[in-house]
>>> print(open('work_3.csv').read())   # CSV, C-alpha atoms
chain,number,residue,atom,x,y,z
A,4,MET,CA,-10.2,-4.4,-77.2
A,5,ILE,CA,-9.8,-0.7,-77.6
A,6,LEU,CA,-13.0,-0.3,-79.8
A,7,GLU,CA,-16.0,-2.6,-80.1
A,8,ALA,CA,-19.2,-2.2,-82.1
A,9,ARG,CA,-22.1,-4.6,-81.9
A,10,GLU,CA,-25.1,-4.7,-84.2
A,11,LEU,CA,-24.8,-1.1,-85.3
A,12,ARG,CA,-27.7,0.0,-87.6
A,13,LYS,CA,-28.5,3.2,-89.4
A,14,SER,CA,-31.3,4.0,-91.9
A,15,TYR,CA,-32.6,7.1,-93.5
A,16,PRO,CA,-35.9,8.0,-95.1
A,17,ARG,CA,-35.8,8.1,-98.9
A,18,VAL,CA,-36.1,11.6,-100.3
A,19,GLY,CA,-37.5,12.0,-103.8
A,20,GLY,CA,-36.0,8.7,-104.8
A,21,GLY,CA,-32.5,10.2,-104.5
A,22,LEU,CA,-30.9,8.7,-101.4
A,23,GLY,CA,-30.0,5.1,-101.5
A,24,THR,CA,-31.7,4.3,-104.8
A,25,GLY,CA,-28.5,2.9,-106.4
A,26,ARG,CA,-27.1,-0.6,-106.3
A,27,GLY,CA,-26.6,-2.0,-102.8
A,28,SER,CA,-29.5,-0.1,-101.1
A,29,ARG,CA,-32.1,-1.9,-99.0
A,30,SER,CA,-35.6,-0.7,-98.3
A,31,SER,CA,-38.0,-1.7,-95.5
A,32,ALA,CA,-41.8,-1.6,-95.4
A,33,ASN,CA,-41.8,2.1,-94.7
A,34,ASP,CA,-39.4,2.7,-97.6
A,35,ARG,CA,-36.3,3.6,-95.7
A,36,PHE,CA,-32.7,3.2,-97.0
A,37,THR,CA,-30.5,1.1,-94.7
A,38,ALA,CA,-27.0,2.5,-94.7
A,39,VAL,CA,-25.5,0.3,-92.0
A,40,ASP,CA,-27.2,-3.1,-91.3
A,41,GLY,CA,-26.1,-4.9,-88.1
A,42,VAL,CA,-22.3,-4.3,-88.3
A,43,SER,CA,-20.2,-5.8,-85.5
A,44,PHE,CA,-16.4,-5.7,-85.1
A,45,SER,CA,-13.6,-5.1,-82.6
A,46,VAL,CA,-10.2,-3.4,-82.8
A,47,ALA,CA,-7.4,-4.5,-80.6
A,48,ALA,CA,-4.7,-2.1,-79.3
A,49,GLY,CA,-2.0,-1.6,-82.0
A,50,GLU,CA,-4.1,-3.3,-84.7
A,51,THR,CA,-4.8,-2.0,-88.1
A,52,PHE,CA,-8.4,-2.8,-89.0
A,53,ALA,CA,-9.8,-2.1,-92.5
A,54,ILE,CA,-13.2,-1.8,-94.1
A,55,VAL,CA,-13.4,-2.0,-97.8
A,56,GLY,CA,-16.4,-1.9,-100.2
A,57,GLU,CA,-18.0,-0.2,-103.2
A,58,SER,CA,-19.2,3.4,-103.1
A,59,GLY,CA,-22.4,3.9,-101.1
A,60,CYS,CA,-22.1,0.6,-99.2
A,61,GLY,CA,-22.1,2.4,-95.8
A,62,LYS,CA,-18.4,2.8,-95.0
A,63,THR,CA,-18.4,6.5,-94.2
A,64,THR,CA,-21.7,6.3,-92.3
A,65,LEU,CA,-20.1,3.7,-90.1
A,66,ALA,CA,-17.0,5.8,-89.5
A,67,ARG,CA,-19.0,8.8,-88.5
A,68,MET,CA,-21.1,6.7,-86.1
A,69,LEU,CA,-17.9,5.7,-84.3
A,70,LEU,CA,-17.3,9.4,-83.5
A,71,ARG,CA,-20.9,10.0,-82.7
A,72,LEU,CA,-21.1,12.5,-85.6
A,73,ILE,CA,-24.0,10.4,-86.7
A,74,GLU,CA,-26.2,8.7,-84.1
A,75,PRO,CA,-27.0,5.0,-84.8
A,76,ASP,CA,-30.6,3.8,-84.7
A,77,SER,CA,-29.5,0.9,-82.5
A,78,GLY,CA,-26.6,-1.2,-81.4
A,79,GLU,CA,-23.7,-0.8,-79.0
A,80,LEU,CA,-20.4,1.1,-79.2
A,81,HIS,CA,-17.6,0.8,-76.6
A,82,PHE,CA,-14.3,2.7,-76.6
A,83,GLU,CA,-11.7,1.9,-74.0
A,84,GLY,CA,-14.3,0.3,-71.8
A,85,ALA,CA,-16.8,3.3,-72.0
A,86,ASP,CA,-20.2,3.0,-73.5
A,87,LEU,CA,-20.0,5.8,-76.0
A,88,LEU,CA,-23.8,5.8,-76.8
A,89,ARG,CA,-24.5,6.7,-73.2
A,90,LEU,CA,-22.1,9.6,-73.0
A,91,SER,CA,-22.9,13.2,-73.6
A,92,GLY,CA,-21.5,16.6,-72.8
A,93,GLU,CA,-17.9,16.8,-71.6
A,94,PRO,CA,-17.4,13.1,-71.0
A,95,LEU,CA,-18.3,12.5,-74.7
A,96,ARG,CA,-15.9,15.3,-75.8
A,97,VAL,CA,-13.1,13.8,-73.8
A,98,LYS,CA,-13.6,10.4,-75.6
A,99,ARG,CA,-13.8,12.1,-79.0
A,100,ARG,CA,-10.5,13.8,-78.4
A,101,GLN,CA,-8.9,10.4,-78.0
A,102,MET,CA,-10.0,9.5,-81.6
A,103,GLN,CA,-8.6,11.4,-84.6
A,104,MET,CA,-10.2,11.1,-88.0
A,105,ILE,CA,-8.7,11.9,-91.4
A,106,PHE,CA,-11.4,12.7,-94.0
A,107,GLN,CA,-11.5,12.0,-97.7
A,108,ASP,CA,-11.2,15.6,-98.9
A,109,PRO,CA,-7.9,17.1,-97.5
A,110,PHE,CA,-8.7,20.6,-98.8
A,111,ALA,CA,-12.1,20.8,-97.1
A,112,SER,CA,-10.6,19.7,-93.8
A,113,LEU,CA,-7.9,22.3,-93.7
A,114,ASN,CA,-8.7,25.9,-92.8
A,115,PRO,CA,-7.6,27.9,-95.9
A,116,ARG,CA,-7.0,31.1,-93.7
A,117,MET,CA,-4.4,29.4,-91.5
A,118,ARG,CA,-0.8,28.7,-92.3
A,119,VAL,CA,0.2,25.0,-92.3
A,120,GLY,CA,2.3,25.4,-89.1
A,121,ALA,CA,-0.7,26.7,-87.2
A,122,ILE,CA,-3.0,24.0,-88.6
A,123,ILE,CA,-0.7,21.2,-87.5
A,124,ALA,CA,-0.1,22.9,-84.1
A,125,GLU,CA,-3.7,23.5,-83.4
A,126,PRO,CA,-4.4,20.2,-81.6
A,127,LEU,CA,-1.4,20.9,-79.3
A,128,GLU,CA,-2.6,24.4,-78.6
A,129,ILE,CA,-6.1,23.2,-77.7
A,130,HIS,CA,-5.2,20.0,-75.7
A,131,GLU,CA,-1.6,20.5,-74.6
A,132,SER,CA,-1.4,24.2,-74.1
A,133,ALA,CA,1.1,23.9,-71.2
A,134,PHE,CA,3.9,23.2,-73.8
A,135,PRO,CA,5.9,26.3,-74.7
A,136,ALA,CA,5.4,27.7,-78.1
A,137,ALA,CA,8.9,26.9,-79.1
A,138,GLU,CA,8.5,23.2,-78.2
A,139,ARG,CA,5.2,23.1,-80.2
A,140,ARG,CA,7.0,24.5,-83.2
A,141,GLU,CA,9.7,21.9,-82.9
A,142,ARG,CA,7.1,19.1,-82.8
A,143,VAL,CA,5.4,20.5,-85.9
A,144,ALA,CA,8.6,20.7,-87.8
A,145,ALA,CA,9.5,17.1,-86.9
A,146,MET,CA,6.0,15.9,-87.9
A,147,LEU,CA,6.3,17.6,-91.3
A,148,LYS,CA,9.6,15.9,-91.9
A,149,ARG,CA,8.0,12.5,-91.0
A,150,VAL,CA,5.3,13.0,-93.7
A,151,GLY,CA,7.9,14.0,-96.3
A,152,LEU,CA,7.6,17.8,-96.2
A,153,ASN,CA,10.2,20.4,-95.1
A,154,GLU,CA,10.0,23.0,-92.4
A,155,ASP,CA,9.3,25.8,-95.0
A,156,ALA,CA,5.8,24.4,-95.4
A,157,MET,CA,4.9,25.9,-92.0
A,158,LYS,CA,4.8,29.3,-93.5
A,159,ARG,CA,2.5,28.5,-96.5
A,160,TYR,CA,-1.2,28.1,-96.9
A,161,PRO,CA,-3.1,24.9,-97.9
A,162,HIS,CA,-3.9,26.1,-101.4
A,163,GLU,CA,-0.2,26.2,-102.2
A,164,PHE,CA,0.1,22.4,-102.0
A,165,SER,CA,-1.0,19.5,-104.2
A,166,GLY,CA,-3.8,17.2,-103.1
A,167,GLY,CA,-1.4,14.5,-101.9
A,168,GLN,CA,0.6,17.1,-99.9
A,169,ARG,CA,-2.5,18.5,-98.3
A,170,GLN,CA,-3.5,14.9,-97.3
A,171,ARG,CA,-0.1,14.5,-95.7
A,172,ILE,CA,-0.6,17.8,-93.8
A,173,ALA,CA,-3.9,16.4,-92.6
A,174,ILE,CA,-2.2,13.3,-91.4
A,175,ALA,CA,0.5,15.3,-89.6
A,176,ARG,CA,-2.2,17.2,-87.8
A,177,ALA,CA,-4.1,14.0,-86.8
A,178,VAL,CA,-1.1,12.1,-85.4
A,179,ILE,CA,0.8,15.0,-83.7
A,180,ARG,CA,-1.0,14.0,-80.5
A,181,ASN,CA,-0.6,10.4,-79.4
A,182,THR,CA,-4.3,9.6,-79.5
A,183,PRO,CA,-5.3,5.9,-78.8
A,184,ILE,CA,-7.0,5.4,-82.2
A,185,LEU,CA,-6.8,6.9,-85.7
A,186,LEU,CA,-9.7,6.7,-88.2
A,187,LEU,CA,-9.0,7.2,-91.9
A,188,ASP,CA,-11.8,7.6,-94.3
A,189,GLU,CA,-10.5,6.8,-97.8
A,190,PRO,CA,-7.3,8.9,-97.2
A,191,THR,CA,-6.1,8.6,-100.8
A,192,SER,CA,-9.5,9.2,-102.5
A,193,GLY,CA,-9.0,11.3,-105.7
A,194,LEU,CA,-5.2,11.2,-105.7
A,195,ASP,CA,-3.1,10.1,-108.6
A,196,ALA,CA,-1.0,6.9,-108.2
A,197,ALA,CA,2.2,8.8,-107.3
A,198,SER,CA,0.5,10.9,-104.6
A,199,GLU,CA,-1.3,7.9,-103.3
A,200,GLN,CA,2.0,6.0,-102.8
A,201,LEU,CA,3.5,9.0,-100.9
A,202,VAL,CA,0.5,9.3,-98.6
A,203,PHE,CA,0.6,5.6,-97.8
A,204,GLU,CA,4.4,5.6,-97.2
A,205,ALA,CA,3.8,8.4,-94.7
A,206,LEU,CA,0.9,6.5,-93.1
A,207,ASN,CA,2.9,3.3,-92.8
A,208,ARG,CA,5.7,5.2,-90.9
A,209,LEU,CA,3.2,6.9,-88.5
A,210,MET,CA,0.8,4.0,-87.9
A,211,LYS,CA,3.2,1.5,-86.5
A,212,GLY,CA,2.1,0.5,-83.0
A,213,LYS,CA,-1.1,2.6,-83.3
A,214,SER,CA,-4.7,1.3,-83.4
A,215,CYS,CA,-6.1,2.3,-86.8
A,216,MET,CA,-9.3,1.8,-88.7
A,217,VAL,CA,-8.9,2.4,-92.4
A,218,ILE,CA,-11.8,2.8,-94.8
A,219,ALA,CA,-10.9,2.1,-98.4
A,220,HIS,CA,-12.4,1.6,-101.8
A,221,HIS,CA,-9.6,-0.6,-103.1
A,222,LEU,CA,-8.4,-3.7,-101.4
A,223,ALA,CA,-4.9,-3.1,-102.8
A,224,THR,CA,-4.4,0.0,-100.7
A,225,ILE,CA,-4.9,-1.9,-97.4
A,226,ARG,CA,-2.8,-4.9,-98.0
A,227,ASN,CA,-1.0,-4.5,-94.7
A,228,ALA,CA,-4.1,-4.4,-92.5
A,229,ASP,CA,-4.3,-7.1,-89.8
A,230,VAL,CA,-7.9,-7.8,-90.6
A,231,ILE,CA,-10.1,-6.6,-93.5
A,232,TYR,CA,-13.9,-6.6,-93.6
A,233,VAL,CA,-15.7,-6.4,-96.9
A,234,VAL,CA,-18.9,-4.5,-96.6
A,235,ARG,CA,-21.8,-4.9,-99.1
A,236,ASP,CA,-25.3,-3.5,-98.8
A,237,GLY,CA,-24.4,-2.0,-95.4
A,238,ALA,CA,-23.4,-5.3,-93.9
A,239,ILE,CA,-20.2,-7.3,-93.5
A,240,ALA,CA,-20.1,-9.9,-96.3
A,241,GLU,CA,-16.6,-11.3,-95.6
A,242,GLN,CA,-13.5,-10.9,-93.5
A,243,GLY,CA,-9.9,-12.0,-93.6
A,244,THR,CA,-6.4,-10.8,-94.4
A,245,HIS,CA,-5.5,-9.3,-97.8
A,246,ASP,CA,-4.2,-12.6,-99.1
A,247,GLU,CA,-7.2,-14.6,-97.8
A,248,LEU,CA,-9.6,-12.2,-99.5
A,249,LEU,CA,-7.7,-12.4,-102.8
A,250,GLU,CA,-8.4,-16.1,-102.8
A,251,LYS,CA,-12.1,-15.4,-102.4
A,252,ALA,CA,-12.2,-12.6,-104.9
A,253,GLY,CA,-14.5,-14.5,-107.2
A,254,LEU,CA,-17.3,-14.1,-104.7
A,255,TYR,CA,-17.3,-10.4,-105.3
A,256,ALA,CA,-17.0,-10.3,-109.1
A,257,GLU,CA,-20.3,-8.4,-109.2
A,258,LEU,CA,-18.7,-5.5,-107.3
A,259,HIS,CA,-16.8,-4.3,-110.4
A,260,GLU,CA,-15.7,-1.1,-108.7
A,261,LEU,CA,-13.8,-3.1,-106.0
A,262,GLN,CA,-10.3,-3.7,-107.3
A,263,PHE,CA,-8.7,-6.9,-106.0
A,264,ALA,CA,-5.1,-6.1,-107.0
A,265,GLN,CA,-2.3,-8.5,-106.5
>>> encode(input="work_3.csv", output="structure tokens")
Amino acid sequence: MILEARELRKSYPRVGGGLGTGRGSRSSANDRFTAVDGVSFSVAAGETFAIVGESGCGKTTLARMLLRLIEPDSGELHFEGADLLRLSGEPLRVKRRQMQMIFQDPFASLNPRMRVGAIIAEPLEIHESAFPAAERRERVAAMLKRVGLNEDAMKRYPHEFSGGQRQRIAIARAVIRNTPILLLDEPTSGLDAASEQLVFEALNRLMKGKSCMVIAHHLATIRNADVIYVVRDGAIAEQGTHDELLEKAGLYAELHELQFAQ
């Protein structure tokens, strides 16, 4: 397995009744909100693994724990055989560089002062600086083509693109280096249906053979995942393929935000 999580837990103190007071939150004797409650899973090399659930169920907290952007309260986390929770300093940075994450908001994740060509090339300049500038440019142009954008996009700034185009730019930046695993946190959140379709077409082309973890709000957007985990109240409530979960959809009728599309 390339990535393994065992009994990961994360809770927060409630602040003024605001955090975690909605549906799906849990409280303990000391009035803490449990965002992730004993989650365990594993991702095999080349496998697409998906987590789906309603807003506020703990999906994004879980993804950020995998990158150690948020520290878990307890549990185990192993990546390529290394105990991530025991790493710090340069060894941790090395492992983080082997995981790329695409966030929900494509505009916030792109530097508005940089041209698109420089944004996509930045991982190469940082981690593969030995490559000549001309070769980096060729790789950027090729990657733009693979996500459905032309070479002219290299000269433009993020604000000149639509939300769906910006997300495809973020995808190009994330996959331009052949990192072992790709984490996608609701990559089509806030996009219209046409833009969502274009983003997923780009992802399907680029994710083949890669280990991927996709966090989604709608089951329909992750129909091609090898295994899907449904998260409720911070814990895994069910798992299976897209078709298997459709058969059990009645179990989740109360999660009216979760769309079980055919």
>>> atom_distance(input="work_3.csv", atom1="CA of Ala205 in chain A", atom2="CA of Pro190 in chain A")
11.4 Å
>>> residues_around(input="work_3.csv", residues="Ala38 in chain A", least_positions_apart="3", cutoff="6 Å", atoms="all atoms listed in the file", output="short mmCIF file (atom, residue, chain, number, x, y, z; two decimals) with C-alpha atoms, keeping the file's coordinate frame")
data_model
loop_
_atom_site.label_atom_id
_atom_site.label_comp_id
_atom_site.auth_asym_id
_atom_site.auth_seq_id
_atom_site.Cartn_x
_atom_site.Cartn_y
_atom_site.Cartn_z
CA LYS A 13 -28.50 3.20 -89.40
CA SER A 14 -31.30 4.00 -91.90
CA GLY A 61 -22.10 2.40 -95.80
CA GLY A 237 -24.40 -2.00 -95.40
#
>>> residues_around(input="work_3.csv", residues="Lys98 in chain A", least_positions_apart="6", cutoff="10 Å", atoms="only C-alpha atoms", output="list in words")
Leu70, Phe82, Glu83, Ala85, Leu87, Leu90, Ser91 and Pro183 of chain A
>>> closest_residue(input="work_3.csv", among="A:Glu131, A:Gly243, A:Asp236, A:Arg180", to="Phe36 in chain A", atoms="only C-alpha atoms")
A:Asp236
>>> residues_near_point(input="work_3.csv", point="(-15.2, -3.8, -90.5)", cutoff="7 Å", atoms="all atoms listed in the file", output="ChimeraX atom specification")
/A:44,53-54,231-233,239
>>> atom_distance(input="work_3.csv", atom1="CA of Glu163 in chain A", atom2="CA of Glu125 in chain A")
19.3 Å
>>> residues_around(input="work_3.csv", residues="Phe52 in chain A", least_positions_apart="2", cutoff="10 Å", atoms="all atoms listed in the file", output="PyMOL selection string")
chain A and resi 44-47+49-50+54+186+214-218+225+227-232+244
>>> atom_distance(input="work_3.csv", atom1="CA of Ala8 in chain A", atom2="CA of Ser112 in chain A")
26.3 Å
>>> residues_around(input="work_3.csv", residues="Arg12 in chain A", least_positions_apart="3", cutoff="6 Å", atoms="all atoms listed in the file", output="VMD selection string")
chain A and resid 39 to 41 75 to 77
>>> closest_residue(input="work_3.csv", among="A:Gly167, A:Leu248, A:Val178, A:Arg67", to="Asp195 in chain A", atoms="all atoms listed in the file")
A:Gly167
>>> closest_residue(input="work_3.csv", among="A:Gly212, A:Gln170, A:Ala219, A:Arg176", to="Ser198 in chain A", atoms="only C-alpha atoms")
A:Gln170
